[in-house]
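Source file: data.txt (compact mmCIF, C-alpha atoms)
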# COMPACT_ATOMS: atom_id res chain seq x y z
CA MET K 205 0.00 0.00 0.00
CA ILE K 206 1.37 3.40 -0.97
CA THR K 207 2.12 5.56 2.06
CA PHE K 208 1.23 9.23 2.35
CA GLY K 209 1.18 12.17 4.72
CA VAL K 210 -0.52 15.54 5.05
CA GLU K 211 0.64 19.03 5.95
CA GLU K 212 -1.88 21.70 6.98
CA GLU K 213 -1.40 25.43 7.54
CA TYR K 214 -3.60 27.21 10.08
CA LEU K 215 -4.38 30.83 10.84
CA LEU K 216 -4.32 32.28 14.36
CA VAL K 217 -7.03 34.88 14.92
CA ASN K 218 -8.38 37.20 17.57
CA PRO K 219 -11.53 35.58 19.08
CA ALA K 220 -13.21 38.99 19.28
CA ASP K 221 -12.96 40.13 15.67
CA GLY K 222 -11.36 37.34 13.63
CA ARG K 223 -8.30 39.40 12.69
CA PRO K 224 -4.93 37.59 12.44
CA MET K 225 -2.85 37.67 15.62
CA PRO K 226 0.98 37.45 15.41
CA VAL K 227 1.40 35.00 18.29
CA ALA K 228 2.74 31.94 16.48
CA GLU K 229 5.84 31.69 18.66
CA ALA K 230 3.73 31.59 21.82
CA VAL K 231 1.43 28.96 20.30
CA ARG K 232 4.33 26.74 19.24
CA ALA K 233 5.90 27.07 22.69
CA ALA K 234 2.63 25.98 24.31
CA VAL K 235 2.28 23.07 21.88
CA ASP K 236 5.79 21.86 22.73
CA LEU K 237 4.64 21.31 26.32
CA GLN K 238 1.89 18.91 25.27
CA PRO K 239 2.71 15.18 25.47
CA ALA K 240 0.42 14.39 22.54
CA VAL K 241 2.70 16.21 20.07
CA SER K 242 6.10 14.97 18.91
CA GLY K 243 8.99 17.15 17.84
CA GLY K 244 8.67 18.52 14.32
CA GLU K 245 4.92 17.93 14.00
CA VAL K 246 4.10 21.62 14.58
CA GLN K 247 6.31 23.94 12.56
CA PRO K 248 6.69 27.67 11.91
CA GLU K 249 5.24 29.19 8.76
CA LEU K 250 6.04 32.31 6.75
CA LEU K 251 4.06 34.84 8.80
CA GLN K 252 3.78 35.12 12.56
CA VAL K 253 0.02 34.56 12.34
CA GLN K 254 0.38 31.02 10.99
CA VAL K 255 1.51 27.58 12.06
CA GLU K 256 1.91 24.38 10.10
CA VAL K 257 1.40 20.77 11.14
CA ALA K 258 2.70 17.63 9.49
CA THR K 259 1.39 14.12 10.09
CA PRO K 260 3.73 11.15 10.32
CA VAL K 261 3.91 8.81 7.35
CA CYS K 262 0.55 7.02 7.14
CA ALA K 263 -0.75 3.89 5.46
CA THR K 264 -4.51 4.34 5.98
CA LEU K 265 -7.15 7.05 5.97
CA ASP K 266 -7.88 6.36 9.62
CA GLU K 267 -4.27 7.16 10.46
CA VAL K 268 -4.41 10.43 8.54
CA GLY K 269 -7.69 11.43 10.16
CA GLY K 270 -6.52 10.50 13.65
CA HIS K 271 -3.31 12.48 13.35
CA LEU K 272 -5.03 15.55 11.89
CA LEU K 273 -7.61 15.62 14.68
CA ARG K 274 -4.89 15.15 17.30
CA LEU K 275 -2.77 17.95 15.84
CA ARG K 276 -5.70 20.32 15.32
CA HIS K 277 -6.81 19.78 18.91
CA SER K 278 -3.30 20.30 20.28
CA VAL K 279 -2.75 23.52 18.33
CA ALA K 280 -6.24 24.77 19.24
CA VAL K 281 -5.57 24.25 22.95
CA ALA K 282 -2.23 26.06 22.63
CA ALA K 283 -3.92 28.86 20.69
CA GLU K 284 -6.47 29.41 23.45
CA GLN K 285 -3.64 29.55 25.98
CA ALA K 286 -2.05 32.29 23.83
CA GLY K 287 -5.34 34.22 23.67
CA CYS K 288 -6.25 33.42 20.06
CA ARG K 289 -8.15 30.79 18.06
CA LEU K 290 -7.14 28.33 15.36
CA VAL K 291 -9.05 28.50 12.07
CA ALA K 292 -8.54 26.33 9.01
CA SER K 293 -9.34 28.77 6.24
CA GLY K 294 -7.50 29.16 2.94
CA THR K 295 -7.37 32.93 3.45
CA ALA K 296 -7.65 35.34 6.36
CA PRO K 297 -11.19 36.71 5.91
CA PHE K 298 -10.26 39.91 7.73
CA GLY K 299 -7.06 41.90 7.52
CA PRO K 300 -4.80 42.47 10.55
CA ASP K 301 -5.15 45.62 12.60
CA ILE K 302 -1.40 45.83 13.18
CA PRO K 303 1.55 45.09 10.84
CA VAL K 304 2.45 41.40 10.76
CA GLY K 305 6.08 40.41 10.37
CA VAL K 306 7.63 37.28 8.97
CA THR K 307 8.77 34.48 11.24
CA ASP K 308 12.29 35.08 12.54
CA ASP K 309 14.10 32.76 10.15
CA ALA K 310 16.87 33.63 7.70
CA ARG K 311 15.07 32.06 4.75
CA TYR K 312 11.82 33.90 5.48
CA ARG K 313 13.64 37.21 5.95
CA LEU K 314 15.35 36.78 2.59
CA LEU K 315 12.04 35.91 0.97
CA HIS K 316 10.56 39.13 2.32
CA SER K 317 13.54 41.09 1.03
CA ASP K 318 13.01 39.68 -2.46
CA ALA K 319 9.22 40.16 -2.60
CA PRO K 320 8.12 42.42 0.27
CA ARG K 321 4.56 43.32 -0.76
CA LEU K 322 3.78 39.78 -1.86
CA VAL K 323 5.05 38.29 1.39
CA ASP K 324 3.16 40.94 3.40
CA GLU K 325 -0.06 39.70 1.76
CA MET K 326 0.51 35.95 2.15
CA PHE K 327 -2.37 35.41 4.55
CA VAL K 328 -3.10 32.12 2.81
CA ASN K 329 -3.12 28.54 4.04
CA GLY K 330 -2.84 25.35 2.05
CA MET K 331 -3.04 21.61 2.42
CA HIS K 332 -0.16 19.58 0.99
CA VAL K 333 -0.29 15.82 0.43
CA HIS K 334 2.93 13.82 0.10
CA VAL K 335 2.55 10.49 -1.68
CA ALA K 336 5.40 7.97 -1.88
CA VAL K 337 6.76 7.10 -5.33
CA PRO K 338 9.31 4.42 -6.31
CA ASP K 339 11.83 6.91 -7.72
CA ARG K 340 12.12 10.40 -9.20
CA ASP K 341 11.32 9.26 -12.75
CA ALA K 342 8.09 7.75 -11.46
CA GLY K 343 7.50 11.04 -9.66
CA VAL K 344 7.79 12.98 -12.90
CA THR K 345 5.36 10.55 -14.53
CA VAL K 346 2.92 11.46 -11.75
CA LEU K 347 3.49 15.18 -12.30
CA ASN K 348 2.77 14.89 -16.00
CA ARG K 349 -0.32 12.74 -15.62
CA LEU K 350 -1.83 14.72 -12.72
CA ARG K 351 -1.74 18.04 -14.60
CA PRO K 352 -5.25 17.64 -16.12
CA TRP K 353 -6.75 16.81 -12.71
CA LEU K 354 -5.30 19.77 -10.77
CA PRO K 355 -8.12 22.23 -11.61
CA LEU K 356 -10.72 19.82 -10.28
CA LEU K 357 -8.76 19.42 -7.03
CA VAL K 358 -8.71 23.23 -6.75
CA ALA K 359 -12.48 23.35 -7.21
CA MET K 360 -13.24 20.57 -4.73
CA ALA K 361 -10.92 22.04 -2.10
CA ALA K 362 -12.02 25.69 -2.47
CA ASN K 363 -12.09 27.27 0.99
CA SER K 364 -10.95 30.89 0.60
CA PRO K 365 -13.70 33.19 -0.70
CA LEU K 366 -13.19 36.15 1.67
CA TRP K 367 -10.40 38.73 1.89
CA GLU K 368 -10.08 42.05 3.72
CA GLY K 369 -13.61 41.74 5.07
CA GLY K 370 -15.35 41.18 1.74
CA ASP K 371 -16.22 38.54 -0.82
CA THR K 372 -13.60 38.20 -3.56
CA GLY K 373 -16.00 36.57 -5.99
CA PHE K 374 -13.60 33.61 -6.08
CA ALA K 375 -14.07 30.28 -4.35
CA SER K 376 -10.31 29.88 -3.94
CA TRP K 377 -8.72 33.30 -3.65
CA ARG K 378 -5.65 31.54 -2.20
CA THR K 379 -5.03 30.00 -5.62
CA ILE K 380 -4.94 33.45 -7.19
CA VAL K 381 -2.71 34.95 -4.49
CA PHE K 382 -0.26 32.08 -4.58
CA GLY K 383 -0.17 32.15 -8.36
CA ARG K 384 1.66 35.50 -8.23
CA TRP K 385 4.97 33.82 -7.39
CA SER K 386 7.39 33.49 -10.30
CA ILE K 387 7.38 29.67 -10.39
CA ALA K 388 3.84 28.67 -9.43
CA GLY K 389 0.60 27.21 -10.72
CA VAL K 390 0.37 24.17 -12.96
CA PRO K 391 3.82 22.76 -13.76
CA PRO K 392 4.99 22.22 -17.34
CA HIS K 393 5.36 18.79 -18.91
CA PHE K 394 8.72 17.10 -18.33
CA VAL K 395 10.55 14.38 -20.26
CA ASP K 396 11.94 12.67 -17.16
CA ALA K 397 13.56 13.42 -13.81
CA ALA K 398 16.77 14.58 -15.48
CA ASP K 399 14.77 17.11 -17.49
CA TYR K 400 12.99 18.26 -14.31
CA ASP K 401 16.26 18.76 -12.45
CA ARG K 402 17.97 20.43 -15.41
CA ARG K 403 15.21 22.98 -15.86
CA ILE K 404 15.16 23.88 -12.18
CA GLU K 405 18.96 24.15 -12.22
CA ASN K 406 18.67 26.60 -15.12
CA LEU K 407 16.33 28.75 -13.02
CA LEU K 408 18.80 28.66 -10.14
CA THR K 409 21.74 29.53 -12.39
CA ALA K 410 19.85 32.45 -13.90
CA GLY K 411 18.99 33.76 -10.43
CA VAL K 412 15.24 33.39 -10.95
CA LEU K 413 15.23 31.07 -7.93
CA ARG K 414 17.38 31.35 -4.82
CA ASP K 415 16.66 27.77 -3.78
CA ARG K 416 14.57 24.78 -4.83
CA ALA K 417 12.08 25.37 -2.02
CA ARG K 418 10.77 28.35 -4.03
CA VAL K 419 9.40 26.05 -6.71
CA TYR K 420 5.73 26.60 -5.89
CA TRP K 421 4.09 24.44 -8.56
CA GLN K 422 0.84 22.80 -7.52
CA VAL K 423 2.58 19.45 -7.76
CA ARG K 424 6.33 19.00 -7.44
CA LEU K 425 8.96 16.47 -6.47
CA SER K 426 9.97 16.68 -2.84
CA ASP K 427 13.66 17.35 -2.23
CA ARG K 428 13.45 15.97 1.31
CA TYR K 429 11.39 12.82 0.89
CA PRO K 430 10.85 10.13 -1.79
CA THR K 431 7.46 11.61 -2.58
CA VAL K 432 5.49 13.82 -4.90
CA GLU K 433 3.93 16.78 -3.13
CA ILE K 434 0.47 17.89 -4.27
CA ARG K 435 -0.09 21.50 -3.20
CA ALA K 436 -3.19 22.55 -5.17
CA MET K 437 -5.68 22.46 -2.29
CA ASP K 438 -6.78 25.09 0.21
CA VAL K 439 -6.58 23.94 3.81
CA GLN K 440 -9.92 22.38 4.69
CA LEU K 441 -12.41 23.60 7.26
CA ARG K 442 -13.17 20.06 8.40
CA ALA K 443 -10.56 17.40 9.04
CA GLU K 444 -12.82 14.85 7.33
CA ASP K 445 -12.66 16.81 4.09
CA ALA K 446 -8.88 16.85 4.35
CA VAL K 447 -8.99 13.07 4.73
CA MET K 448 -11.23 12.83 1.66
CA LEU K 449 -8.84 14.88 -0.47
CA ALA K 450 -5.79 13.00 0.81
CA GLY K 451 -7.45 9.71 -0.11
CA LEU K 452 -8.38 10.97 -3.57
CA VAL K 453 -4.87 12.26 -4.18
CA ARG K 454 -3.29 8.95 -3.17
CA ALA K 455 -5.73 7.10 -5.41
CA LEU K 456 -4.91 9.42 -8.31
CA VAL K 457 -1.17 8.82 -7.88
CA THR K 458 -1.75 5.07 -7.68
CA GLN K 459 -3.93 5.03 -10.79
CA VAL K 460 -1.70 7.18 -13.01
CA LEU K 461 1.32 5.02 -12.15
CA ARG K 462 -0.66 1.91 -13.06
CA ASP K 463 -1.67 3.47 -16.36
CA ALA K 464 1.93 4.36 -17.13
CA THR K 465 3.12 0.85 -16.31
CA ALA K 466 0.42 -0.58 -18.58
CA GLY K 467 1.54 1.71 -21.40
CA GLN K 468 -1.70 3.68 -21.53
CA LEU K 469 -1.47 7.08 -23.15
CA SER K 470 -2.34 10.14 -21.09
CA SER K 471 -3.90 13.40 -22.14
CA ARG K 472 -1.46 16.30 -22.46
CA PRO K 473 -3.48 19.53 -22.44
CA ALA K 474 -1.83 22.71 -23.66
CA PRO K 475 -0.40 24.87 -20.86
CA GLU K 476 -2.77 27.75 -21.56
CA PHE K 477 -5.77 25.43 -21.49
CA VAL K 478 -5.01 23.78 -18.15
CA SER K 479 -4.08 27.17 -16.65
CA ALA K 480 -7.41 28.60 -17.80
CA ALA K 481 -9.19 25.59 -16.32
CA GLN K 482 -7.42 26.20 -13.03
CA TRP K 483 -8.41 29.89 -12.96
CA HIS K 484 -12.01 28.95 -13.72
CA ALA K 485 -11.96 26.37 -10.91
CA ALA K 486 -10.59 28.95 -8.47
CA ARG K 487 -13.28 31.39 -9.55
CA HIS K 488 -16.30 29.11 -9.26
CA GLY K 489 -15.42 26.08 -7.13
CA LEU K 490 -18.22 23.54 -7.64
CA THR K 491 -20.98 26.12 -8.19
CA ASP K 492 -20.64 26.30 -11.99
CA ALA K 493 -19.75 24.10 -14.93
CA LEU K 494 -16.02 23.35 -15.00
CA ILE K 495 -13.60 23.17 -17.88
CA ASP K 496 -12.56 19.59 -18.60
CA PRO K 497 -8.81 19.82 -19.28
CA HIS K 498 -8.89 16.39 -20.93
CA ALA K 499 -10.94 17.85 -23.79
CA PRO K 500 -12.05 21.31 -24.99
CA ARG K 501 -15.46 21.31 -23.30
CA ARG K 502 -17.32 22.34 -20.18
CA LEU K 503 -18.97 19.81 -17.88
CA LYS K 504 -21.24 20.16 -14.88
CA ALA K 505 -19.12 20.10 -11.76
CA GLY K 506 -20.86 17.00 -10.45
CA GLU K 507 -20.26 15.18 -13.73
CA LEU K 508 -16.55 15.95 -13.68
CA VAL K 509 -16.32 14.81 -10.05
CA GLY K 510 -18.11 11.64 -11.13
CA ARG K 511 -15.51 11.05 -13.84
CA LEU K 512 -12.77 11.43 -11.26
CA MET K 513 -14.46 8.91 -8.96
CA GLU K 514 -14.87 6.47 -11.81
CA TYR K 515 -11.20 6.83 -12.74
CA VAL K 516 -9.85 6.21 -9.22
CA ALA K 517 -12.39 3.51 -8.29
CA PRO K 518 -9.94 0.59 -8.76
CA ALA K 519 -7.31 2.24 -6.55
CA LEU K 520 -9.88 3.07 -3.86
CA ALA K 521 -11.19 -0.50 -3.93
CA ASP K 522 -7.68 -1.91 -3.43
CA THR K 523 -7.08 0.20 -0.31
CA GLY K 524 -10.58 -0.38 1.04
CA ASP K 525 -11.31 3.34 0.95
CA ALA K 526 -14.12 3.38 -1.61
CA ARG K 527 -17.10 3.51 0.77
CA GLN K 528 -15.62 6.21 3.01
CA ILE K 529 -14.45 8.42 0.13
CA ASP K 530 -17.71 7.98 -1.78
CA ALA K 531 -19.70 9.11 1.27
CA LEU K 532 -17.50 12.16 1.82
CA VAL K 533 -17.62 13.16 -1.86
CA HIS K 534 -21.40 12.87 -1.87
CA ARG K 535 -21.54 15.08 1.22
CA LEU K 536 -19.29 17.61 -0.51
CA LEU K 537 -21.60 17.75 -3.54
CA ARG K 538 -24.65 18.03 -1.28
CA GLU K 539 -23.38 20.58 1.27
CA GLY K 540 -20.88 22.49 -0.84
CA THR K 541 -17.25 23.37 -0.37
CA GLY K 542 -15.75 25.26 2.53
CA ALA K 543 -16.03 28.38 0.37
CA ASP K 544 -19.78 27.84 0.01
CA ARG K 545 -20.23 27.40 3.77
CA GLN K 546 -18.08 30.44 4.58
CA ARG K 547 -20.11 32.60 2.20
CA GLU K 548 -23.41 31.39 3.61
CA ALA K 549 -22.34 32.07 7.19
CA PHE K 550 -21.06 35.55 6.30
CA ARG K 551 -24.23 36.35 4.38
CA ARG K 552 -26.44 35.08 7.19
CA GLY K 553 -24.73 36.60 10.21
CA GLY K 554 -21.70 38.64 9.19
CA ARG K 555 -18.41 38.52 11.05
CA ASP K 556 -19.72 36.76 14.18
CA ALA K 557 -21.41 33.93 12.30
CA LEU K 558 -18.39 33.42 10.06
CA LEU K 559 -15.98 33.32 12.98
CA GLY K 560 -18.22 30.85 14.79
CA LEU K 561 -18.26 28.60 11.72
CA LEU K 562 -14.49 28.79 11.24
CA VAL K 563 -13.67 27.96 14.85
CA SER K 564 -16.26 25.19 15.27
CA GLU K 565 -15.72 23.41 11.95
CA SER K 566 -11.94 23.56 12.26
CA MET K 567 -12.33 21.37 15.34
CA SER K 568 -15.29 19.22 14.26
CA THR K 569 -14.98 15.46 14.06
CA HIS K 570 -18.00 15.05 11.80
CA GLY K 571 -20.37 17.10 9.65

Can the structure in the file be given as structure tokens, please?
Amino acid sequence: MITFGVEEEYLLVNPADGRPMPVAEAVRAAVDLQPAVSGGEVQPELLQVQVEVATPVCATLDEVGGHLLRLRHSVAVAAEQAGCRLVASGTAPFGPDIPVGVTDDARYRLLHSDAPRLVDEMFVNGMHVHVAVPDRDAGVTVLNRLRPWLPLLVAMAANSPLWEGGDTGFASWRTIVFGRWSIAGVPPHFVDAADYDRRIENLLTAGVLRDRARVYWQVRLSDRYPTVEIRAMDVQLRAEDAVMLAGLVRALVTQVLRDATAGQLSSRPAPEFVSAAQWHAARHGLTDALIDPHAPRRLKAGELVGRLMEYVAPALADTGDARQIDALVHRLLREGTGADRQREAFRRGGRDALLGLLVSESMSTHG
């Protein structure tokens, strides 16, 4: 069974008004005192209003879900001790009332020096899924064959509609904000791992990149682990939805590798087409017809989700995840994305209702 792990980024907010609070150091210090958390599981992030968690390597969905709930609970307890609240939103719905600095780390300080305004506005939180691959060439095969599916993952994971106290009109504003980095969005097609490494080395030599960590493609090879890292998704309001997406991503990786081994051809959409599909997915989430990057057409969102489920069904059956993932996907289609629920709460009750939703759902164990 292919192993996998999940990283989540959380926002720390004032319980009174929902504005980001720069107390990440205090939260991490409080977390370190908790016996339920091991070293390295709670990590600093770019801004002092964020923290990141990373699960151990997992073999099952139950492991992923258990670790995410444990880590969310631990960080939430530490956040309350520091006078703030944890929320799992892809963007900060409200801007800070005081300037927010970067975390005191040499790499983050250099990043701010290179792109100050962009870093100052990085109030965005993602969910990253690492999936084990046999080798780097297999990893590049995954990159190439996942490209057409990335827009749908963006749409299903949309959880960032609000920014600076208002509705952006986008379901995943995080996707748009993050896409402003020089090397971001949908990756190009690569010949093999040598081609991947050569092209990144060219960017480093030219000074476009300072280091490989600044490759912000929505799927990339990990330089630390023998994995591919899928980074297209907003952090999820509910841990169960994070489990759903992690399971779908692992099934996708499993299925595309099987197809490659069997010699099956894969679609290779033009860069401008898959980029347009991604923008459309970020704009609408699952509320509108989506562009099918496998072909020049639009499909109802539910139909495209159905095609994904049909494609990964063999992989889900092999891991025994089919029933659980099917139920969670049906709930997603019925109740909407995190973006839909955030909008509804904000429309219904403004700031207070939204903050209540964000805090409660970030800690919920079920819908």

Nearest residue to Val346 (chain K) out of K:Asp438, K:Glu539, K:Asp415, K:Asp463, using all atoms listed in the file?
K:Asp463

Tell me which residues come within 9 Å of (0.2, 26.0, -8.7), as a PDB file with C-alpha atoms, keeping the file's coordinate frame, counting all atoms listed in the file in the file's coordinates.
ATOM      1  CA  LEU K 354      -5.300  19.770 -10.770  1.00  0.00           C
ATOM      2  CA  THR K 379      -5.030  30.000  -5.620  1.00  0.00           C
ATOM      3  CA  PHE K 382      -0.260  32.080  -4.580  1.00  0.00           C
ATOM      4  CA  GLY K 383      -0.170  32.150  -8.360  1.00  0.00           C
ATOM      5  CA  ILE K 387       7.380  29.670 -10.390  1.00  0.00           C
ATOM      6  CA  ALA K 388       3.840  28.670  -9.430  1.00  0.00           C
ATOM      7  CA  GLY K 389       0.600  27.210 -10.720  1.00  0.00           C
ATOM      8  CA  VAL K 390       0.370  24.170 -12.960  1.00  0.00           C
ATOM      9  CA  PRO K 391       3.820  22.760 -13.760  1.00  0.00           C
ATOM     10  CA  TYR K 420       5.730  26.600  -5.890  1.00  0.00           C
ATOM     11  CA  TRP K 421       4.090  24.440  -8.560  1.00  0.00           C
ATOM     12  CA  GLN K 422       0.840  22.800  -7.520  1.00  0.00           C
ATOM     13  CA  VAL K 423       2.580  19.450  -7.760  1.00  0.00           C
ATOM     14  CA  ARG K 435      -0.090  21.500  -3.200  1.00  0.00           C
ATOM     15  CA  ALA K 436      -3.190  22.550  -5.170  1.00  0.00           C
ATOM     16  CA  GLN K 482      -7.420  26.200 -13.030  1.00  0.00           C
TER      17      GLN K 482
END

What's the 8 Å shell around region 450-458 of chain K, counting only C-alpha atoms, without same-chain residues fewer than 3 positions away, as a PyMOL selection string?
chain K and resi 206+208+210+265+333+335+346+350+434+446-447+461-462+516+519-520+525+529

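Residue neighbourhood of Phe374 (chain K), excluding near-sequence residues (fewer than 6 positions): K:Ser364, K:Pro365, K:Ala486, K:Arg487, K:His488, K:Gly489, at 8 Å, using only C-alpha atoms.
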
Residue among K:Val217, K:Ala228, K:Val344, K:Val257 lying closest to Gly299 (chain K), counting only C-alpha atoms
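Answer, going by the shortest atom-to-atom distance: K:Val217.
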
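Of the listed residues (K:Gln247, K:Asp221, K:Ser386, K:Val268), K:Ser386 comes nearest to Ala319 (chain K); the distances count all atoms listed in the file.
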
Between CA of Val358 (chain K) and CA of Asp324 (chain K), measure the distance and give it in Å to one decimal.
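CA of Asp324 (chain K) lies at a distance of 23.6 Å from CA of Val358 (chain K).
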
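The smallest atom-to-atom distance between Tyr214 (chain K) and any of K:Asp530, K:Glu507, K:Asp396, K:Glu256, using only C-alpha atoms, is found for K:Glu256.
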
Would you compute the distance between CA of Arg555 (chain K) and CA of Ala296 (chain K)? Give it in Å to one decimal.
12.2 Å

Contacts of Ala230 (chain K) within 9 Å, all atoms listed in the file, excl. fewer than 4 positions in-chain, as a list in words:
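Close residues of Ala230 (chain K): Ala234, Val235, Ala282, Ala283, Gln285 and Ala286 of chain K.
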
Using only C-alpha atoms: which of K:Leu559, K:Ala480, K:Ala543, K:Met205 has the shortest distance to Asp522 (chain K):
K:Met205

From the list K:Ile302, K:Ala292, K:Ala505, K:Met326, the nearest residue to Gly542 (chain K) using only C-alpha atoms is K:Ala292
